[in-house]
Structures are given as C-alpha cells and as structure tokens.
file target-v3.cif (mmCIF, C-alpha atoms)
data_work
#
loop_
_atom_site.label_atom_id
_atom_site.label_comp_id
_atom_site.auth_asym_id
_atom_site.auth_seq_id
_atom_site.Cartn_x
_atom_site.Cartn_y
_atom_site.Cartn_z
CA ASP H 1313 -2.99 -18.25 -21.48
CA ILE H 1314 -6.80 -18.11 -21.37
CA GLN H 1315 -8.18 -15.36 -23.63
CA MET H 1316 -11.14 -13.36 -22.36
CA THR H 1317 -13.36 -11.52 -24.83
CA GLN H 1318 -15.94 -8.99 -23.69
CA SER H 1319 -18.74 -7.53 -25.74
CA PRO H 1320 -19.60 -4.90 -26.47
CA SER H 1321 -16.44 -2.79 -26.07
CA SER H 1322 -18.64 0.18 -25.29
CA LEU H 1323 -22.29 0.99 -25.00
CA SER H 1324 -24.51 4.01 -24.47
CA ALA H 1325 -27.48 3.72 -22.15
CA SER H 1326 -29.93 5.87 -20.23
CA ILE H 1327 -30.70 6.02 -16.54
CA GLY H 1328 -33.05 3.18 -15.67
CA ASP H 1329 -32.03 0.99 -18.61
CA ARG H 1330 -31.21 -2.68 -18.23
CA VAL H 1331 -27.63 -3.28 -19.34
CA THR H 1332 -26.00 -6.59 -20.20
CA ILE H 1333 -22.30 -7.21 -20.78
CA THR H 1334 -20.99 -10.56 -21.91
CA CYS H 1335 -17.64 -12.25 -21.40
CA ARG H 1336 -16.45 -15.31 -23.27
CA ALA H 1337 -13.44 -17.42 -22.31
CA SER H 1338 -11.23 -19.41 -24.68
CA GLN H 1339 -11.70 -22.48 -22.48
CA SER H 1340 -13.96 -23.57 -19.65
CA LEU H 1341 -13.58 -21.71 -16.36
CA THR H 1342 -16.31 -23.57 -14.47
CA THR H 1343 -17.35 -20.52 -12.40
CA PHE H 1344 -13.95 -18.93 -11.75
CA LEU H 1345 -15.03 -15.61 -13.23
CA ASN H 1346 -15.05 -12.18 -11.58
CA TRP H 1347 -16.36 -8.77 -12.58
CA TYR H 1348 -14.77 -5.43 -11.65
CA GLN H 1349 -15.96 -1.86 -12.04
CA GLN H 1350 -13.49 0.93 -12.70
CA LYS H 1351 -14.24 4.64 -12.71
CA PRO H 1352 -11.88 7.12 -14.40
CA GLY H 1353 -8.73 7.73 -12.41
CA LYS H 1354 -9.68 5.14 -9.79
CA ALA H 1355 -8.66 1.61 -8.97
CA PRO H 1356 -10.87 -1.29 -10.02
CA LYS H 1357 -13.46 -2.49 -7.53
CA LEU H 1358 -14.59 -6.10 -7.17
CA LEU H 1359 -18.31 -6.41 -7.93
CA ILE H 1360 -18.97 -10.11 -8.43
CA TYR H 1361 -16.89 -13.20 -7.79
CA ALA H 1362 -17.40 -16.85 -8.63
CA ALA H 1363 -19.56 -15.78 -11.58
CA SER H 1364 -22.64 -14.86 -9.55
CA THR H 1365 -21.81 -13.89 -5.95
CA LEU H 1366 -22.11 -10.21 -5.10
CA GLN H 1367 -19.23 -8.75 -3.14
CA THR H 1368 -20.26 -7.23 0.17
CA GLY H 1369 -21.71 -3.76 -0.25
CA VAL H 1370 -22.45 -4.05 -3.98
CA PRO H 1371 -26.01 -2.98 -4.88
CA SER H 1372 -28.43 -5.74 -5.77
CA ARG H 1373 -29.11 -4.20 -9.20
CA PHE H 1374 -25.86 -5.89 -10.24
CA SER H 1375 -25.99 -9.59 -11.03
CA GLY H 1376 -23.80 -12.15 -12.70
CA SER H 1377 -24.52 -15.44 -14.36
CA GLY H 1378 -22.94 -18.12 -16.46
CA SER H 1379 -20.54 -21.04 -16.28
CA GLY H 1380 -18.09 -22.77 -18.52
CA THR H 1381 -17.11 -20.28 -21.23
CA ASP H 1382 -19.98 -17.78 -21.33
CA PHE H 1383 -20.77 -15.24 -18.63
CA THR H 1384 -22.98 -12.20 -18.23
CA LEU H 1385 -22.98 -9.10 -16.04
CA THR H 1386 -26.38 -7.42 -15.80
CA ILE H 1387 -27.29 -4.06 -14.32
CA SER H 1388 -31.04 -4.17 -13.86
CA SER H 1389 -31.67 -0.43 -13.70
CA LEU H 1390 -28.71 1.78 -14.59
CA GLN H 1391 -27.92 4.52 -12.08
CA PRO H 1392 -25.75 7.63 -12.56
CA GLU H 1393 -22.94 6.15 -10.47
CA ASP H 1394 -22.79 3.05 -12.72
CA PHE H 1395 -21.25 4.87 -15.66
CA ALA H 1396 -17.81 3.28 -15.68
CA SER H 1397 -15.75 0.57 -17.32
CA TYR H 1398 -16.34 -3.07 -16.46
CA TYR H 1399 -13.82 -5.90 -16.70
CA CYS H 1400 -14.20 -9.65 -16.42
CA GLN H 1401 -11.33 -11.73 -15.03
CA GLN H 1402 -10.73 -15.47 -15.03
CA THR H 1403 -9.07 -17.03 -12.02
CA TYR H 1404 -9.29 -20.64 -13.14
CA ILE H 1405 -5.72 -20.92 -14.40
CA THR H 1406 -2.68 -18.73 -13.87
CA PRO H 1407 -1.89 -16.27 -15.25
CA TRP H 1408 -5.19 -14.72 -14.26
CA THR H 1409 -6.34 -12.75 -17.30
CA PHE H 1410 -8.78 -9.91 -17.87
CA GLY H 1411 -11.17 -9.07 -20.64
CA GLN H 1412 -10.47 -5.91 -22.61
CA GLY H 1413 -13.20 -3.99 -20.83
CA THR H 1414 -16.62 -2.51 -21.57
CA LYS H 1415 -17.18 1.22 -21.19
CA VAL H 1416 -20.72 2.17 -20.19
CA GLU H 1417 -21.50 5.73 -21.25
CA ILE H 1418 -24.45 8.05 -20.87
CA LYS H 1419 -26.83 8.24 -23.84
CA ASP N 276 -9.62 -0.35 7.28
CA VAL N 277 -7.78 -2.44 4.73
CA GLN N 278 -5.51 -0.18 2.72
CA LEU N 279 -2.83 -0.46 0.04
CA VAL N 280 -0.77 2.59 -0.90
CA GLU N 281 1.64 2.52 -3.82
CA SER N 282 4.60 4.83 -4.32
CA GLY N 283 7.75 5.08 -6.40
CA GLY N 284 6.38 5.86 -9.83
CA GLY N 285 7.76 8.58 -12.05
CA LEU N 286 9.42 9.47 -15.33
CA VAL N 287 12.34 7.31 -16.41
CA GLN N 288 14.28 6.97 -19.64
CA PRO N 289 14.20 3.77 -21.69
CA GLY N 290 16.65 1.29 -20.20
CA GLY N 291 16.31 2.80 -16.75
CA SER N 292 15.10 1.35 -13.46
CA LEU N 293 12.46 2.07 -10.84
CA ARG N 294 11.33 0.39 -7.66
CA LEU N 295 7.68 0.53 -6.75
CA SER N 296 6.46 0.04 -3.21
CA CYS N 297 3.04 -0.90 -1.85
CA ALA N 298 2.46 -0.28 1.85
CA ALA N 299 -0.26 -2.46 3.37
CA SER N 300 -2.28 -1.80 6.50
CA GLY N 301 -5.42 -3.01 8.22
CA PHE N 302 -4.85 -6.72 7.63
CA THR N 303 -2.32 -9.47 8.28
CA PHE N 304 -0.14 -8.83 5.24
CA SER N 305 2.05 -11.89 5.78
CA THR N 306 -0.84 -14.30 5.13
CA TYR N 307 -1.87 -13.06 1.67
CA TRP N 308 -0.69 -13.60 -1.88
CA MET N 309 -0.05 -10.19 -3.42
CA HIS N 310 -0.06 -9.08 -7.05
CA TRP N 311 0.91 -6.24 -9.35
CA VAL N 312 -1.46 -5.27 -12.18
CA ARG N 313 -0.83 -2.53 -14.72
CA GLN N 314 -2.94 -0.42 -17.05
CA GLY N 315 -1.47 1.41 -20.00
CA PRO N 316 -2.90 4.79 -21.03
CA GLY N 317 -6.46 4.22 -22.23
CA LYS N 318 -5.93 0.48 -22.10
CA GLY N 319 -7.24 -2.47 -20.09
CA LEU N 320 -5.93 -4.27 -17.03
CA VAL N 321 -2.96 -6.60 -17.35
CA TRP N 322 -1.67 -8.86 -14.62
CA VAL N 323 2.08 -8.43 -14.09
CA SER N 324 3.33 -10.52 -11.19
CA ARG N 325 2.43 -12.30 -7.97
CA ILE N 326 4.19 -13.49 -4.83
CA ASN N 327 3.20 -15.98 -2.16
CA PRO N 328 2.82 -15.04 1.52
CA ASP N 329 6.36 -15.86 2.65
CA GLY N 330 8.03 -14.54 -0.48
CA SER N 331 9.47 -17.87 -1.57
CA SER N 332 7.51 -18.20 -4.81
CA SER N 333 6.71 -15.71 -7.57
CA SER N 334 5.58 -15.58 -11.18
CA TYR N 335 5.50 -13.03 -13.98
CA THR N 336 3.79 -12.25 -17.22
CA ASP N 337 6.04 -13.13 -20.18
CA SER N 338 6.69 -9.53 -21.23
CA VAL N 339 8.44 -8.65 -17.95
CA LYS N 340 10.26 -11.90 -17.19
CA GLY N 341 13.93 -11.28 -16.56
CA ARG N 342 13.39 -7.53 -16.16
CA PHE N 343 11.01 -7.17 -13.19
CA THR N 344 11.37 -8.69 -9.72
CA ILE N 345 8.61 -8.87 -7.14
CA SER N 346 9.49 -9.10 -3.47
CA ARG N 347 8.03 -8.38 -0.06
CA ASP N 348 9.10 -7.45 3.45
CA ASN N 349 6.52 -8.88 5.83
CA ALA N 350 8.13 -7.13 8.80
CA LYS N 351 7.44 -3.80 7.06
CA ASN N 352 4.10 -4.86 5.52
CA THR N 353 5.40 -3.77 2.15
CA LEU N 354 5.33 -5.22 -1.36
CA TYR N 355 7.89 -4.21 -3.99
CA LEU N 356 8.35 -4.32 -7.74
CA GLN N 357 11.87 -3.75 -9.01
CA MET N 358 11.68 -2.78 -12.67
CA ASN N 359 14.87 -2.82 -14.75
CA SER N 360 15.53 -2.34 -18.46
CA LEU N 361 12.34 -0.36 -18.76
CA ARG N 362 10.76 0.05 -22.18
CA VAL N 363 8.35 2.60 -23.56
CA ASP N 364 5.59 -0.02 -23.53
CA ASP N 365 6.00 -0.45 -19.76
CA THR N 366 4.35 2.96 -19.39
CA ALA N 367 1.28 2.40 -17.23
CA VAL N 368 -0.41 2.91 -13.92
CA TYR N 369 0.77 0.11 -11.65
CA TYR N 370 -1.62 -1.22 -9.02
CA CYS N 371 -0.90 -3.59 -6.18
CA ALA N 372 -3.75 -5.89 -5.27
CA ARG N 373 -4.55 -8.38 -2.55
CA GLU N 374 -5.60 -11.87 -3.55
CA TRP N 375 -8.62 -13.06 -1.64
CA ASN N 376 -9.57 -16.69 -1.12
CA ASP N 377 -7.53 -17.87 -4.15
CA MET N 378 -10.29 -16.34 -6.22
CA ALA N 379 -10.20 -12.58 -6.81
CA PHE N 380 -8.56 -9.26 -6.06
CA ASP N 381 -10.62 -7.77 -3.24
CA CYS N 382 -8.44 -4.79 -2.40
CA TRP N 383 -6.46 -2.51 -4.72
CA GLY N 384 -4.14 0.41 -4.17
CA GLN N 385 -4.75 3.76 -5.81
CA GLY N 386 -2.05 3.14 -8.39
CA THR N 387 1.27 4.79 -9.24
CA LEU N 388 2.12 6.10 -12.71
CA VAL N 389 5.27 4.94 -14.44
CA THR N 390 6.21 6.84 -17.60
CA VAL N 391 9.06 5.54 -19.74
CA SER N 392 10.12 8.17 -22.23
CA SER N 393 13.22 9.89 -23.55
#

call {"tool": "encode", "arguments": {"input": "target-v3.cif", "output": "structure tokens"}}
result
Amino acid sequence: DIQMTQSPSSLSASIGDRVTITCRASQSLTTFLNWYQQKPGKAPKLLIYAASTLQTGVPSRFSGSGSGTDFTLTISSLQPEDFASYYCQQTYITPWTFGQGTKVEIK
Amino acid sequence: DVQLVESGGGLVQPGGSLRLSCAASGFTFSTYWMHWVRQGPGKGLVWVSRINPDGSSSSYTDSVKGRFTISRDNAKNTLYLQMNSLRVDDTAVYYCAREWNDMAFDCWGQGTLVTVSS
C-alpha cells in the first residue's frame, strides 16, 4: 500500500495567517492526490482533487500544488471556519490511502 | 440534493455482528462505485471497502478481509456493510462515501458509530 505522510500533525495559527500543510507519498502519484477538510463530529468534505483543482463551492483562499510524491495545501488567509482537520488522500493505486491528518487550531 | 444516510451502528460485544446500511438519494445510485471509510476515536480516516456499480466486484482492507462483506441493493438505493467477528479495534465511526470520476470521494454520509466492547 502507498503510505501518505502529512506534516505537521498539528499547528496553531491566527486569523489571517497563511497556512501550509504538506503531504508526502511513498511513491509517485502523478497528480492523483486529494485534500479533505473535517470539522469535529462531521463528515469529511472534499476541498481539492487532482492535486490542484478546487471542488465546486470551495473558497479560493484554498489552493493545492505538487506532483509526484510531494504535495501542499495552502490556506492564504485563515478564517474562523477553517479551524479543522485536513487529510490528504492518494487515489493513484488501490487501496486508496489517507494521510494521518493535520489539525489546525486557533493560536 | 445528493444525500447519503447511514444507520445500523450501535454497541456490540466482541465476536458479535452488525449490519450497516447507507441510504442514497438525489443521484443515480446504480452508476456509482461506493465505499466504506472508518475513523477510530481520535484517529484518522481509513478506507475499509468498495463495491462496483452492479455489485459484482468488491475489495477490502486487509484487517477486515473474511469478516466484513459489502453489498448493495440498487433497487432500494442502499449500500450495506455486514460486519462479523467484530473486534475491539473495529470501534469507529463508519462513513459511506460516493466515488466520483474514479478520483475522489465527493459525497459522504454523516457516519454511524460502532462500538465493540464487553
């Protein structure tokens, strides 16, 4: 199975901060990499697919980049509703696997 | 609106069984691959199983092979997960999810909690 490693596992940030989360795969994914946001007690929500394409309705402050084994999720200006956990997921090879998650907390 | 609603979770003793259901609405259920994903308490997301649109093909994560069975009834727009020989480490919230464009999960249910404990 492809191993997905996110960093950091958690971070503290303030409203308006630029936040970057990285995801590294154990082998190349080309661009078969997705990002999900999950708030406490809620189901995950698809934010970005194919490494850099925003899902419909997702604010433009979210962006994704990368290819191969290294990927990044960036929130350009953190908003109160962005405090949540974020997960990367590879869909290059089954079984589709997730990173361990990054919790974004209020500083 | 596209909607997935899980049910069937609960408290069960180790070695017991449960059947989860996921009722789909708002889309043509019979044309989509469907998945189960679980999340242990305070843990991350783990893919569990998937099934193709007509129900003829399925796959599982290693830890549930031989114990869990995924199935679907396209006439009832419902996905199932039969869980047998449950273990304490199967305790989790179980989500059903729709696979979109062979690429991502674009729709998730609200989840149903399965607790395996004596």

call {"tool": "resolve_selection", "arguments": {"input": "target-v3.cif", "expression": "the PyMOL selection byres ((chain N) within 12 of (chain H))", "output": "JSON, numbers by chain"}}
result
{"N": [279, 280, 281, 310, 311, 312, 313, 314, 315, 316, 317, 318, 319, 320, 321, 322, 323, 324, 325, 333, 334, 335, 336, 337, 368, 369, 370, 371, 372, 373, 374, 375, 376, 377, 378, 379, 380, 381, 382, 383, 384, 385, 386, 387, 388]}

call {"tool": "resolve_selection", "arguments": {"input": "target-v3.cif", "expression": "the PyMOL selection byres ((chain H and resi 1378-1394) around 9)", "output": "PyMOL selection string"}}
result
chain H and resi 1325-1345+1347+1349+1351+1360+1363-1364+1372-1377+1395-1398+1400+1416+1418

call {"tool": "atom_distance", "arguments": {"input": "target-v3.cif", "atom1": "atom CA of Leu356 of chain N", "atom2": "atom CA of Ile1314 of chain H"}}
result
24.6 Å

call {"tool": "residues_near_point", "arguments": {"input": "target-v3.cif", "point": "(7.8, -5.3, 5.9)", "cutoff": "9 Å", "atoms": "only C-alpha atoms", "output": "ChimeraX atom specification"}}
result
/N:298-299,304-305,347-354

call {"tool": "atom_distance", "arguments": {"input": "target-v3.cif", "atom1": "atom CA of Val277 of chain N", "atom2": "atom CA of Tyr355 of chain N"}}
result
18.0 Å

call {"tool": "atom_distance", "arguments": {"input": "target-v3.cif", "atom1": "atom CA of Ser392 of chain N", "atom2": "atom CA of Arg294 of chain N"}}
result
16.6 Å

call {"tool": "resolve_selection", "arguments": {"input": "target-v3.cif", "expression": "the PyMOL selection byres ((chain N and resi 286) around 10)", "output": "number ranges by chain"}}
result
N: 284-285, 287-289, 291, 293, 366, 388-393

call {"tool": "closest_residue", "arguments": {"input": "target-v3.cif", "among": "H:Lys1415, H:Ile1405, H:Leu1366, H:Gln1315", "to": "Gln1350 of chain H", "atoms": "only C-alpha atoms"}}
result
H:Lys1415
